[in-house]
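Q: Supplied structure: work-v9.cif, mmCIF, C-alpha atoms.
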```cif
data_structure
loop_
_atom_site.label_atom_id
_atom_site.label_comp_id
_atom_site.auth_asym_id
_atom_site.auth_seq_id
_atom_site.Cartn_x
_atom_site.Cartn_y
_atom_site.Cartn_z
CA MET A 1 35.81 -2.48 -1.67
CA LEU A 2 35.64 0.93 -3.24
CA ASP A 3 38.94 2.37 -4.43
CA ARG A 4 38.27 5.99 -3.54
CA ASP A 5 41.43 7.22 -5.24
CA HIS A 6 40.05 6.14 -8.62
CA LEU A 7 36.45 7.22 -8.12
CA ASP A 8 36.67 9.77 -10.96
CA ASP A 9 37.47 6.95 -13.41
CA LEU A 10 34.07 5.30 -12.88
CA GLY A 11 31.22 5.79 -15.34
CA LYS A 12 27.52 5.39 -14.57
CA ALA A 13 27.45 1.63 -15.14
CA GLU A 14 30.51 1.11 -12.92
CA VAL A 15 29.09 3.31 -10.16
CA PHE A 16 25.85 1.33 -10.17
CA ALA A 17 27.84 -1.93 -10.01
CA VAL A 18 29.80 -0.69 -6.96
CA LEU A 19 26.61 0.39 -5.21
CA ARG A 20 24.87 -2.92 -5.95
CA GLY A 21 27.89 -4.82 -4.64
CA GLY A 22 27.98 -2.86 -1.40
CA ARG A 23 24.27 -3.24 -0.90
CA ALA A 24 24.56 -7.01 -1.49
CA VAL A 25 27.13 -7.25 1.30
CA ALA A 26 24.86 -5.27 3.64
CA ARG A 27 21.90 -7.52 2.77
CA ARG A 28 23.94 -10.64 3.55
CA ILE A 29 24.98 -9.23 6.92
CA ALA A 30 21.33 -8.44 7.80
CA VAL A 31 20.27 -11.99 6.89
CA ASP A 32 23.13 -13.48 8.91
CA GLU A 33 21.99 -11.42 11.89
CA LEU A 34 18.56 -13.09 11.74
CA VAL A 35 20.09 -16.55 11.32
CA VAL A 36 22.38 -16.05 14.32
CA ALA A 37 19.48 -14.61 16.37
CA ALA A 38 17.42 -17.73 15.67
CA HIS A 39 20.33 -19.92 16.78
CA LEU A 40 20.83 -17.78 19.87
CA ALA A 41 17.16 -18.31 20.78
CA ASP A 42 17.86 -22.06 20.79
CA LEU A 43 20.66 -21.48 23.32
CA TYR A 44 18.19 -19.71 25.60
CA ASP A 45 15.34 -22.23 25.33
CA ALA A 46 13.83 -24.37 28.09
CA ALA A 47 16.19 -27.31 27.54
CA SER A 48 19.30 -25.15 27.86
CA MET A 49 18.06 -23.73 31.17
CA THR A 50 17.58 -27.12 32.86
CA GLY A 51 19.77 -27.46 35.92
CA LEU A 52 20.98 -23.86 35.97
CA PRO A 53 22.09 -22.90 39.48
CA SER A 54 20.17 -20.24 41.31
CA MET A 55 20.96 -18.73 44.66
CA LEU A 56 17.30 -17.79 45.12
CA PRO A 57 14.90 -20.19 43.36
CA ILE A 58 12.07 -17.66 43.45
CA VAL A 59 14.03 -15.32 41.16
CA SER A 60 15.31 -17.92 38.70
CA GLU A 61 15.07 -17.29 34.98
CA ARG A 62 11.57 -17.33 33.55
CA LEU A 63 10.55 -18.35 30.06
CA VAL A 64 8.77 -15.76 27.91
CA THR A 65 7.13 -15.86 24.47
CA LEU A 66 8.55 -13.26 22.12
CA GLY A 67 7.12 -14.48 18.80
CA GLY A 68 3.67 -15.50 17.68
CA VAL A 69 1.72 -18.65 18.43
CA GLY A 70 3.83 -21.71 17.61
CA THR A 71 7.25 -20.24 18.46
CA PRO A 72 9.32 -21.62 21.36
CA GLN A 73 9.78 -19.69 24.57
CA VAL A 74 13.17 -18.25 25.54
CA SER A 75 14.78 -16.93 28.69
CA GLU A 76 13.58 -13.54 29.85
CA PHE A 77 17.22 -12.38 29.89
CA ALA A 78 17.97 -13.33 26.28
CA ALA A 79 17.00 -9.93 24.88
CA THR A 80 18.83 -8.02 27.62
CA GLU A 81 22.10 -9.82 27.01
CA LEU A 82 21.75 -9.67 23.22
CA GLY A 83 21.01 -5.95 23.38
CA HIS A 84 24.21 -5.37 25.35
CA HIS A 85 26.36 -7.05 22.71
CA LEU A 86 24.56 -5.33 19.81
CA ALA A 87 24.74 -1.94 21.54
CA CYS A 88 20.98 -1.54 21.31
CA GLY A 89 18.12 -1.52 23.78
CA PRO A 90 16.47 -4.72 25.03
CA ASP A 91 13.27 -3.92 23.15
CA ALA A 92 15.12 -3.78 19.81
CA ALA A 93 16.94 -7.01 20.66
CA ALA A 94 13.65 -8.68 21.63
CA ALA A 95 12.17 -7.59 18.29
CA LEU A 96 15.10 -9.19 16.44
CA LEU A 97 14.65 -12.47 18.33
CA ALA A 98 10.89 -12.43 17.81
CA ASP A 99 11.23 -11.80 14.07
CA ALA A 100 13.79 -14.60 13.70
CA LEU A 101 11.58 -17.05 15.61
CA ASP A 102 8.47 -16.13 13.64
CA LEU A 103 10.25 -16.51 10.32
CA ARG A 104 11.75 -19.90 11.17
CA HIS A 105 8.71 -21.45 12.88
CA ARG A 106 5.64 -19.69 11.41
CA LEU A 107 6.85 -18.64 7.95
CA PRO A 108 9.13 -21.48 6.80
CA GLY A 109 8.74 -20.72 3.10
CA LEU A 110 9.82 -17.13 3.56
CA TRP A 111 12.64 -18.29 5.85
CA GLU A 112 14.02 -20.50 3.07
CA ARG A 113 13.81 -17.66 0.56
CA LEU A 114 15.63 -15.47 3.06
CA LEU A 115 18.44 -18.03 3.39
CA GLU A 116 18.67 -18.31 -0.41
CA GLY A 117 19.13 -14.56 -0.73
CA GLU A 118 15.84 -14.03 -2.57
CA VAL A 119 14.34 -11.71 0.07
CA ASP A 120 15.83 -8.80 1.99
CA ALA A 121 15.96 -9.24 5.75
CA TRP A 122 14.04 -6.03 6.41
CA ARG A 123 11.21 -7.16 4.12
CA ALA A 124 11.04 -10.55 5.83
CA ARG A 125 10.93 -8.82 9.21
CA VAL A 126 8.00 -6.68 8.06
CA VAL A 127 6.09 -9.87 7.24
CA ALA A 128 6.98 -11.40 10.62
CA GLN A 129 5.70 -8.34 12.45
CA GLU A 130 2.54 -8.01 10.37
CA THR A 131 1.60 -11.67 10.85
CA ARG A 132 2.55 -12.02 14.53
CA ARG A 133 -1.00 -11.60 15.84
CA LEU A 134 -2.45 -14.04 13.31
CA PRO A 135 -3.41 -17.60 14.22
CA LEU A 136 -0.75 -20.11 13.16
CA GLU A 137 -2.82 -21.51 10.28
CA ALA A 138 -3.43 -17.98 8.99
CA ALA A 139 0.31 -17.20 9.09
CA GLU A 140 0.99 -20.41 7.17
CA TRP A 141 -1.60 -19.38 4.56
CA VAL A 142 0.12 -16.00 4.14
CA ASP A 143 3.48 -17.77 3.85
CA ALA A 144 2.15 -20.01 1.07
CA ARG A 145 0.69 -17.07 -0.84
CA LEU A 146 3.95 -15.14 -0.59
CA GLY A 147 5.72 -18.12 -2.10
CA GLU A 148 3.40 -18.00 -5.12
CA THR A 149 3.80 -14.32 -5.98
CA ARG A 150 6.66 -12.59 -7.75
CA ARG A 151 5.53 -9.16 -6.66
CA SER A 152 7.04 -6.98 -3.95
CA ILE A 153 6.41 -8.53 -0.54
CA THR A 154 5.87 -5.21 1.17
CA GLY A 155 3.39 -4.23 -1.52
CA VAL A 156 1.08 -7.19 -0.87
CA ILE A 157 1.59 -8.13 2.79
CA GLY A 158 -1.04 -5.77 4.20
CA GLN A 159 -3.74 -7.14 1.92
CA LEU A 160 -2.69 -10.75 2.58
CA VAL A 161 -2.73 -10.32 6.36
CA ALA A 162 -6.18 -8.76 6.27
CA ASP A 163 -7.44 -11.51 3.93
CA ALA A 164 -5.97 -14.21 6.18
CA LEU A 165 -7.63 -12.78 9.27
CA ARG A 166 -10.94 -12.49 7.41
CA ARG A 167 -10.70 -16.14 6.29
CA PHE A 168 -9.43 -17.79 9.46
CA ASP A 169 -10.72 -15.56 12.25
CA PRO A 170 -13.67 -13.48 11.01
CA GLU A 171 -14.72 -12.61 14.56
CA THR A 172 -11.36 -10.97 15.31
CA PHE A 173 -11.38 -9.33 11.88
CA ALA A 174 -14.77 -7.73 12.62
CA GLN A 175 -13.57 -6.72 16.09
CA ARG A 176 -10.47 -4.99 14.70
CA GLU A 177 -12.59 -3.27 12.06
CA ALA A 178 -14.82 -1.97 14.85
CA GLU A 179 -11.77 -0.80 16.81
CA ARG A 180 -10.54 1.19 13.83
CA LEU A 181 -13.97 2.72 13.37
CA ASP A 182 -14.09 3.63 17.06
CA GLY A 183 -11.13 5.90 16.35
CA ARG A 184 -13.25 8.16 14.14
CA GLY A 185 -13.67 11.72 15.26
CA VAL A 186 -12.87 15.38 14.67
CA PHE A 187 -10.18 16.76 16.94
CA LEU A 188 -9.18 20.38 17.54
CA GLU A 189 -5.86 21.25 19.09
CA ARG A 190 -5.92 23.41 22.17
CA PRO A 191 -5.14 27.09 21.58
CA GLY A 192 -1.46 27.94 21.78
CA PRO A 193 0.22 30.83 23.56
CA ALA A 194 -1.26 34.31 23.19
CA GLY A 195 -0.64 35.73 19.76
CA THR A 196 -0.73 32.36 17.99
CA GLY A 197 -4.47 31.81 17.97
CA LEU A 198 -5.29 33.07 14.48
CA THR A 199 -5.46 29.49 13.22
CA THR A 200 -6.37 26.16 14.82
CA ARG A 201 -5.15 22.76 13.68
CA VAL A 202 -7.98 20.26 13.07
CA ALA A 203 -7.50 16.50 12.64
CA MET A 204 -10.20 14.18 11.35
CA VAL A 205 -10.48 10.42 11.19
CA LEU A 206 -13.34 9.53 8.82
CA ASP A 207 -14.75 6.60 6.89
CA THR A 208 -12.66 6.54 3.71
CA PRO A 209 -15.62 7.16 1.34
CA ASP A 210 -16.68 10.11 3.51
CA ALA A 211 -13.14 11.47 3.34
CA ALA A 212 -13.10 11.11 -0.46
CA VAL A 213 -16.39 12.98 -0.80
CA LEU A 214 -15.20 15.70 1.60
CA ASP A 215 -11.99 16.10 -0.39
CA ALA A 216 -13.94 16.53 -3.63
CA THR A 217 -16.40 18.94 -1.99
CA LEU A 218 -13.59 21.14 -0.66
CA ASP A 219 -12.03 21.21 -4.13
CA ASP A 220 -15.40 22.22 -5.58
CA LEU A 221 -15.83 25.06 -3.14
CA ALA A 222 -12.22 26.17 -3.53
CA THR A 223 -12.73 26.33 -7.31
CA ILE A 224 -15.90 28.37 -6.88
CA HIS A 225 -14.16 30.76 -4.48
CA ALA A 226 -11.42 31.27 -7.08
CA VAL A 227 -13.96 32.12 -9.79
CA LEU A 228 -15.61 34.54 -7.39
CA GLY A 229 -12.33 36.42 -7.14
CA ASP A 230 -10.44 34.79 -4.28
CA GLU A 231 -6.77 34.72 -5.35
CA SER A 232 -5.53 32.77 -2.31
CA PRO A 233 -3.50 29.57 -2.83
CA LEU A 234 -5.51 26.38 -3.24
CA GLN A 235 -4.97 25.07 0.29
CA VAL A 236 -5.99 28.41 1.78
CA ARG A 237 -9.20 28.34 -0.28
CA ARG A 238 -9.84 24.74 0.86
CA ALA A 239 -9.48 25.91 4.45
CA LYS A 240 -11.98 28.71 3.77
CA ALA A 241 -14.27 26.11 2.19
CA VAL A 242 -14.45 24.31 5.54
CA GLY A 243 -15.77 27.54 7.00
CA THR A 244 -18.30 27.72 4.16
CA LEU A 245 -19.59 24.26 5.11
CA THR A 246 -20.51 25.61 8.54
CA ASN A 247 -23.19 27.60 6.72
CA PRO A 248 -25.15 24.80 5.02
CA GLN A 249 -27.43 27.09 3.00
CA LEU A 250 -24.48 29.08 1.60
CA ALA A 251 -22.65 25.86 0.73
CA MET A 252 -25.75 24.50 -1.03
CA ASP A 253 -26.13 27.73 -3.01
CA LEU A 254 -22.52 27.72 -4.12
CA LEU A 255 -22.47 24.03 -5.05
CA ALA A 256 -25.78 24.36 -6.91
CA GLY A 257 -24.50 27.34 -8.88
CA ASP A 258 -27.05 29.73 -7.35
CA LEU A 259 -24.67 32.67 -6.97
CA THR A 260 -26.97 35.62 -7.57
CA THR A 261 -26.01 37.16 -4.24
CA HIS A 262 -22.39 36.05 -4.27
CA ALA A 263 -21.13 36.48 -7.86
CA THR A 264 -19.19 39.57 -8.81
CA THR A 265 -19.96 41.67 -11.88
CA LYS A 266 -17.33 39.63 -13.71
CA THR A 267 -18.71 36.19 -12.90
CA THR A 268 -21.89 34.22 -13.29
CA GLY A 269 -23.21 31.10 -11.67
CA SER A 270 -22.40 29.00 -14.76
CA GLU A 271 -18.83 30.27 -14.75
CA ALA A 272 -18.41 29.37 -11.11
CA ARG A 273 -19.52 25.83 -11.85
CA LYS A 274 -16.75 25.32 -14.42
CA GLY A 275 -14.03 23.06 -13.13
CA VAL A 276 -16.23 21.55 -10.41
CA ARG A 277 -15.69 17.83 -10.66
CA GLY A 278 -18.65 16.63 -8.58
CA ARG A 279 -18.75 14.74 -5.34
CA SER A 280 -18.61 10.97 -5.67
CA ALA A 281 -16.75 7.89 -4.54
CA VAL A 282 -16.69 4.81 -6.75
CA VAL A 283 -16.33 1.51 -4.89
CA TYR A 284 -15.39 -1.82 -6.47
CA LEU A 285 -16.43 -4.66 -4.18
CA HIS A 286 -14.92 -8.12 -4.72
CA LEU A 287 -16.98 -10.93 -3.19
CA ASP A 288 -16.42 -14.67 -3.17
CA ALA A 289 -19.52 -16.72 -3.98
CA CYS A 290 -18.99 -18.79 -0.82
CA ASP A 291 -19.05 -15.63 1.32
CA VAL A 292 -22.41 -14.63 -0.11
CA ALA A 293 -23.75 -18.17 0.40
CA ASN A 294 -22.59 -18.24 4.03
CA LEU A 295 -24.15 -14.85 4.70
CA VAL A 296 -27.50 -16.03 3.32
CA ALA A 297 -27.36 -19.45 4.99
CA ASP A 298 -26.25 -18.66 8.55
CA GLY A 299 -25.46 -14.97 8.74
CA THR A 300 -21.68 -15.49 8.74
CA ASP A 301 -20.14 -12.23 7.52
CA GLY A 302 -16.97 -13.23 5.70
CA GLY A 303 -16.85 -9.76 4.17
CA GLY A 304 -15.32 -8.79 0.90
CA SER A 305 -12.41 -6.82 -0.50
CA ILE A 306 -12.92 -3.19 -1.51
CA GLU A 307 -10.53 -1.85 -4.12
CA ARG A 308 -7.93 0.52 -2.63
CA LEU A 309 -9.43 0.14 0.86
CA GLY A 310 -8.83 -3.55 1.59
CA PRO A 311 -11.06 -6.17 3.22
CA ALA A 312 -14.21 -5.07 5.03
CA THR A 313 -17.25 -6.73 6.52
CA LEU A 314 -20.50 -6.56 4.63
CA ASP A 315 -22.04 -5.01 7.74
CA LEU A 316 -19.77 -1.98 7.34
CA LEU A 317 -20.57 -1.62 3.64
CA GLY A 318 -24.28 -1.89 4.43
CA GLU A 319 -23.95 0.85 7.04
CA TRP A 320 -22.23 3.12 4.50
CA LEU A 321 -25.00 2.56 1.98
CA SER A 322 -27.92 2.94 4.38
CA ARG A 323 -26.74 5.89 6.47
CA PRO A 324 -29.48 8.59 6.27
CA GLY A 325 -28.27 11.58 4.31
CA GLY A 326 -24.80 10.08 4.10
CA ILE A 327 -22.51 9.11 1.29
CA ALA A 328 -25.04 6.76 -0.29
CA ARG A 329 -27.33 9.66 -1.16
CA ASP A 330 -25.19 10.81 -4.09
CA GLY A 331 -21.63 10.11 -3.08
CA ILE A 332 -20.95 6.38 -3.51
CA THR A 333 -21.37 4.13 -6.52
CA LEU A 334 -21.07 0.34 -6.61
CA ARG A 335 -19.90 -1.12 -9.89
CA PRO A 336 -19.31 -4.72 -10.92
CA VAL A 337 -15.72 -5.59 -11.73
CA LEU A 338 -15.14 -5.51 -15.50
CA GLU A 339 -13.99 -8.51 -17.48
CA THR A 340 -10.20 -8.05 -17.52
CA THR A 341 -9.55 -10.36 -20.50
CA ARG A 342 -11.41 -8.30 -23.11
CA ALA A 343 -9.15 -7.82 -26.16
CA ASP A 344 -10.90 -5.23 -28.38
CA THR A 345 -8.67 -2.72 -30.18
CA VAL A 346 -9.02 0.91 -31.28
CA ASP A 347 -6.98 2.95 -33.72
CA SER A 348 -6.68 6.17 -31.71
CA ARG A 349 -3.81 6.90 -29.32
CA THR A 350 -6.21 7.54 -26.42
CA PRO A 351 -7.91 4.40 -25.09
CA PRO A 352 -11.67 4.54 -24.46
CA ALA A 353 -12.96 4.71 -20.89
CA TRP A 354 -13.77 0.99 -20.67
CA MET A 355 -10.25 0.03 -21.80
CA ARG A 356 -8.59 2.38 -19.32
CA GLU A 357 -10.73 0.95 -16.54
CA GLN A 358 -9.86 -2.60 -17.59
CA VAL A 359 -6.11 -1.91 -17.50
CA ILE A 360 -6.36 -0.15 -14.12
CA LEU A 361 -8.27 -3.06 -12.57
CA ARG A 362 -5.86 -5.56 -14.10
CA ASP A 363 -2.55 -3.98 -13.00
CA ARG A 364 -3.70 -1.89 -10.00
CA THR A 365 -0.37 -0.02 -9.63
CA CYS A 366 2.41 1.44 -11.76
CA VAL A 367 4.19 -1.55 -13.31
CA PHE A 368 7.76 -0.34 -12.71
CA PRO A 369 9.56 -2.72 -10.30
CA ASP A 370 8.50 -2.08 -6.69
CA CYS A 371 6.48 1.04 -7.53
CA THR A 372 3.22 1.14 -5.59
CA ARG A 373 1.64 4.30 -7.04
CA ASP A 374 -2.04 3.68 -7.68
CA ALA A 375 -2.91 2.97 -11.31
CA ARG A 376 -5.82 5.42 -11.17
CA SER A 377 -3.39 8.31 -10.83
CA ALA A 378 -0.99 6.93 -13.45
CA ASP A 379 -0.61 7.43 -17.20
CA LEU A 380 -1.52 4.63 -19.59
CA ASP A 381 1.60 3.87 -21.61
CA HIS A 382 1.87 2.02 -24.92
CA ILE A 383 4.40 -0.77 -24.29
CA GLU A 384 5.20 -0.78 -28.00
CA PRO A 385 5.31 2.96 -28.83
CA TYR A 386 2.26 4.23 -30.65
CA VAL A 387 2.78 5.34 -34.27
CA PRO A 388 -0.10 7.05 -36.09
CA VAL A 389 -1.79 4.87 -38.68
CA ASP A 390 -1.28 7.53 -41.37
CA GLN A 391 2.47 7.08 -40.90
CA GLY A 392 2.34 3.47 -42.01
CA SER A 393 1.78 1.66 -38.73
CA PRO A 394 -0.70 -1.23 -38.45
CA PRO A 395 -4.15 -0.64 -36.95
CA GLY A 396 -5.13 -1.81 -33.48
CA GLN A 397 -2.08 -0.54 -31.57
CA THR A 398 -4.25 0.66 -28.70
CA ARG A 399 -5.41 -2.52 -26.99
CA PRO A 400 -5.32 -3.79 -23.40
CA ASP A 401 -2.29 -6.05 -23.86
CA ASN A 402 -0.23 -3.13 -25.25
CA LEU A 403 -1.14 -0.79 -22.40
CA ALA A 404 0.20 -0.55 -18.88
CA PRO A 405 -0.08 2.09 -16.14
CA LEU A 406 3.07 4.09 -15.37
CA CYS A 407 3.29 6.86 -12.80
CA ARG A 408 4.52 10.13 -14.27
CA ARG A 409 8.08 9.66 -12.98
CA HIS A 410 8.53 6.20 -14.52
CA HIS A 411 6.64 7.18 -17.67
CA ARG A 412 9.17 9.97 -18.23
CA LEU A 413 12.03 7.58 -17.45
CA LYS A 414 10.82 5.15 -20.10
CA THR A 415 10.07 7.86 -22.68
CA TRP A 416 13.24 9.92 -22.44
CA THR A 417 16.12 7.74 -21.19
CA GLY A 418 15.98 4.50 -23.15
CA TRP A 419 14.48 2.22 -20.51
CA THR A 420 12.27 -0.49 -22.05
CA TYR A 421 9.91 -3.17 -20.80
CA ARG A 422 7.75 -6.03 -22.00
CA ARG A 423 5.11 -8.29 -20.52
CA ASP A 424 6.62 -11.45 -18.99
CA GLY A 425 3.94 -13.90 -17.89
CA TRP A 426 1.28 -13.70 -15.22
CA ASP A 427 1.21 -13.74 -11.43
CA THR A 428 -0.91 -16.18 -9.43
CA ASP A 429 -3.45 -13.38 -8.94
CA SER A 430 -3.91 -13.10 -12.74
CA ARG A 431 -1.90 -9.89 -12.81
CA PRO A 432 0.66 -9.48 -15.61
CA LEU A 433 4.36 -9.37 -14.81
CA TYR A 434 6.84 -7.14 -16.65
CA GLU A 435 10.52 -7.39 -17.53
CA TRP A 436 12.42 -4.07 -17.57
CA LEU A 437 15.83 -3.18 -19.05
CA ASP A 438 17.70 -0.01 -18.09
CA ARG A 439 19.43 2.28 -20.58
CA HIS A 440 22.54 0.05 -20.45
CA GLY A 441 20.56 -3.11 -21.23
CA ASN A 442 20.79 -4.48 -17.66
CA PRO A 443 17.73 -6.20 -16.17
CA ALA A 444 15.88 -3.90 -13.77
CA LEU A 445 14.77 -6.41 -11.16
CA PRO A 446 12.70 -5.85 -8.05
CA ARG A 447 14.91 -4.77 -5.16
CA HIS A 448 14.72 -8.14 -3.41
CA LEU A 449 16.15 -9.91 -6.49
CA LEU A 450 19.04 -7.53 -7.25
CA GLU A 451 22.46 -9.15 -7.18
CA PRO A 452 25.90 -7.55 -7.39
CA ALA A 453 27.20 -7.16 -10.93
CA ASP A 454 30.03 -9.45 -12.09
CA SER A 455 33.41 -7.86 -11.59
#
```
Spit out the file's structure as C-alpha cells when you get a sec.
A:
Amino acid sequence: MLDRDHLDDLGKAEVFAVLRGGRAVARRIAVDELVVAAHLADLYDAASMTGLPSMLPIVSERLVTLGGVGTPQVSEFAATELGHHLACGPDAAAALLADALDLRHRLPGLWERLLEGEVDAWRARVVAQETRRLPLEAAEWVDARLGETRRSITGVIGQLVADALRRFDPETFAQREAERLDGRGVFLERPGPAGTGLTTRVAMVLDTPDAAVLDATLDDLATIHAVLGDESPLQVRRAKAVGTLTNPQLAMDLLAGDLTTHATTKTTGSEARKGVRGRSAVVYLHLDACDVANLVADGTDGGGSIERLGPATLDLLGEWLSRPGGIARDGITLRPVLETTRADTVDSRTPPAWMREQVILRDRTCVFPDCTRDARSADLDHIEPYVPVDQGSPPGQTRPDNLAPLCRRHHRLKTWTGWTYRRDGWDTDSRPLYEWLDRHGNPALPRHLLEPADS
C-alpha cells in the first residue's frame, strides 16, 4: 500500500516500483475474475440444472452457448445473475463468461499462461474475442502460435486470426473479405441547419492501395497549390485539392507541371513540381509455395499475406492489378521480399537503400517493448552508437545486425536518457528479439511480463 504521507520522500525508481506493485495487484484481480467466472459457468451447466423444480415446465431454464464452438452451454440466467453481483449489465457479464469459457476450452495454452501470470487478463480476453468465430481447430492453431512467440499478443493476434481463417476455412475468409469490400463507398453527410452549410463532411471507404495513392495525390496537389501562392494550412490545401480532382484536365495539368495558365509571375512549372513525391503504392506479397501449387492444380485460392495490409485472396490482388485505369496503371508496384540475412557492411553512418529495406522487412515495427509503430516511418538506429572512422573506430559499423528501427519517441529516449538495448535471440517468425534496460539498469520488459519490484 502507498504511504501517502511520505510520498515526497520517493525518487523516480521508488515511484516506478510502487506503480508496478499496484498494477501487479490489479492484474491478479483481473485474472482471478476470469478464473472464478469459468468456475461459475460450471455451476450453471447442464448437469447442475438436472432436477431443478419449475412451476411451469414450459418456462424452465434454457441452455445457451456464450463462447465459441467447443465450449459448454450454460443457463440463460447465468449472465443476468452474475451481472447483478458485479454491478454491470447482463451483456458485460455474458462477455466475461464467454471469454473465460473460450480461454479454458479453446485456448488452453493461453489459459495456462494466464494462470501463471505471464499474460494480462485484458490481453487474453482480446484473443478470446478475436478467435470466437474461428473453427475449433483454427483457434487451437492460433493458441499454439501464441505459445511460440515472445512478442506482444495484441500486436500479432489480428494477423494470426486472419492467417488461421485463411488456412482452415478459406471459403469463409473469402466471404469476409468480400463483405469488407462491399462496405466501400463515398458518403456525404446531409446538410446541417441553415448557416452551417459552407462545408460538408465526406467519408470514404476505399481499397487500401487506392487510399494510399489518393493520399499521395492530394499531397502533390497541396504542394503545387502552395507553390502557386496558396498560404492556407496543409489540410485546407488538401481539401481544395479534392475540388481540383473534380476537374480532371486541371488536375492533369498541375500534376504534369503544365502550369502556363496557372503559375504566377513568381513561379514556374518546374518550381511547382518541387516537393511532389509521386503517386505510388509498393506492395510486398508473401506467398507459400503450396498456395501457388493449389491455385494452379485445382483453383483453390489460399491467398497470401500483404505487408501492412494482412492476408488477402489472390483474386483480390488480381482485381487490383487488372482494374482498367486503376492503381495498376502507375500506382502499385510488386516487389519480391529481400533476403533478410544479408550481412554486407558500409562505413558511412547512413545505410544504403537495400540495407534499410532489409531491416524494415526483418523487424517490421519499432523494436521498443510493445511499440507497434510501423518500421517504415521509424528511424534506423545504430544499436552500438556510430563513431566516425576518422575518430579511431573500426570500419563496418553500419550493418544490418547493428541496426534496428526506432520510432522518433523511443529513438530520443535511447539517445538522451541512458536507455540501452541489445539483440537477444530470435522469435519463431525469424524476427530478432531485443533486451532493453532503463536509465536505472532495470530490465524494460513487455507489459505482460512486468512484475512488481522487490521491496
Q: What separation in Å, quoted to one decimal, exists between atom CA of A:Leu134 and atom CA of A:Gln159?
A: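 That distance, rounded to one decimal, is 13.4 Å.
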Q: Specify as a VMD selection string each residue included when the PyMOL selection byres ((chain A and resi 146) around 10) is applied to this file.
A: chain A and resid 107 109 to 110 127 140 to 145 147 to 153 156 to 157 160
Q: My list of candidates is A:Leu254, A:Gln249, A:Arg356, A:Gly185. Which is closest to A:Leu228 when distances are computed with only C-alpha atoms?
A: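 Distance minimum relative to A:Leu228 lands on A:Leu254.
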Q: Assuming the chain letters and numbering stay as they are in my file, what does the PyMOL selection byres ((chain A and resi 41) around 10) actually select? List them as a PyMOL selection string.
A: chain A and resi 36-40+42-45+72-75+78-79+97-98+100-101
Q: Dump C-alpha atoms for the selected residues as a compact mmCIF listing (two decimals), keeping the file's coordinate frame?
A:
```
# COMPACT_ATOMS: atom_id res chain seq x y z
CA VAL A 36 22.38 -16.05 14.32
CA ALA A 37 19.48 -14.61 16.37
CA ALA A 38 17.42 -17.73 15.67
CA HIS A 39 20.33 -19.92 16.78
CA LEU A 40 20.83 -17.78 19.87
CA ASP A 42 17.86 -22.06 20.79
CA LEU A 43 20.66 -21.48 23.32
CA TYR A 44 18.19 -19.71 25.60
CA ASP A 45 15.34 -22.23 25.33
CA PRO A 72 9.32 -21.62 21.36
CA GLN A 73 9.78 -19.69 24.57
CA VAL A 74 13.17 -18.25 25.54
CA SER A 75 14.78 -16.93 28.69
CA ALA A 78 17.97 -13.33 26.28
CA ALA A 79 17.00 -9.93 24.88
CA LEU A 97 14.65 -12.47 18.33
CA ALA A 98 10.89 -12.43 17.81
CA ALA A 100 13.79 -14.60 13.70
CA LEU A 101 11.58 -17.05 15.61
```
Q: Neighbouring residues of A:Arg409 were defined as those with any atom within 12 Å, considering all atoms listed in the file; residues of the same chain fewer than 3 positions away were excluded. Please report them as a PyMOL selection string.
A: chain A and resi 366-368+371+373+377-379+405-406+412-417
Q: Find, counting all atoms listed in the file, the residue in A:Asp120, A:Arg190, A:Arg104, A:Pro248 that gets nearest to A:Arg23.
A: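 With all atoms listed in the file as the atom set, the closest residue is A:Asp120.
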Q: I'd like to see the residues matched by the PyMOL selection byres ((chain A and resi 382) around 8) on this file, and ideally I'd get them as a PDB file with C-alpha atoms, keeping the file's coordinate frame.
A:
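Output saved as expr.pdb:
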```pdb
ATOM      1  CA  LEU A 380      -1.520   4.630 -19.590  1.00  0.00           C
ATOM      2  CA  ASP A 381       1.600   3.870 -21.610  1.00  0.00           C
ATOM      3  CA  ILE A 383       4.400  -0.770 -24.290  1.00  0.00           C
ATOM      4  CA  GLU A 384       5.200  -0.780 -28.000  1.00  0.00           C
ATOM      5  CA  PRO A 385       5.310   2.960 -28.830  1.00  0.00           C
ATOM      6  CA  TYR A 386       2.260   4.230 -30.650  1.00  0.00           C
ATOM      7  CA  THR A 398      -4.250   0.660 -28.700  1.00  0.00           C
ATOM      8  CA  ASN A 402      -0.230  -3.130 -25.250  1.00  0.00           C
ATOM      9  CA  LEU A 403      -1.140  -0.790 -22.400  1.00  0.00           C
ATOM     10  CA  ALA A 404       0.200  -0.550 -18.880  1.00  0.00           C
TER      11      ALA A 404
END
```
Q: State, in Å with one decimal place, the distance from atom CA of A:Gly22 to atom CA of A:Leu7.
A: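 Interatomic distance here is 14.8 Å.
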Q: Can you list, as an MDAnalysis selection string, every protein, DNA or RNA residue that comes within 12 Å of A:Asp344 when you count only C-alpha atoms, leaving out same-chain residues fewer than 6 positions away?
A: chainID A and resid 351:352 354:355 358 395:402
Q: Now that the selection is made, can you save its residues with C-alpha atoms as a short mmCIF file (atom, residue, chain, number, x, y, z; two decimals), in the frame of the given file?
A:
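For reference, out.cif as written:
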```
data_model
loop_
_atom_site.label_atom_id
_atom_site.label_comp_id
_atom_site.auth_asym_id
_atom_site.auth_seq_id
_atom_site.Cartn_x
_atom_site.Cartn_y
_atom_site.Cartn_z
CA PRO A 351 -7.91 4.40 -25.09
CA PRO A 352 -11.67 4.54 -24.46
CA TRP A 354 -13.77 0.99 -20.67
CA MET A 355 -10.25 0.03 -21.80
CA GLN A 358 -9.86 -2.60 -17.59
CA PRO A 395 -4.15 -0.64 -36.95
CA GLY A 396 -5.13 -1.81 -33.48
CA GLN A 397 -2.08 -0.54 -31.57
CA THR A 398 -4.25 0.66 -28.70
CA ARG A 399 -5.41 -2.52 -26.99
CA PRO A 400 -5.32 -3.79 -23.40
CA ASP A 401 -2.29 -6.05 -23.86
CA ASN A 402 -0.23 -3.13 -25.25
#
```
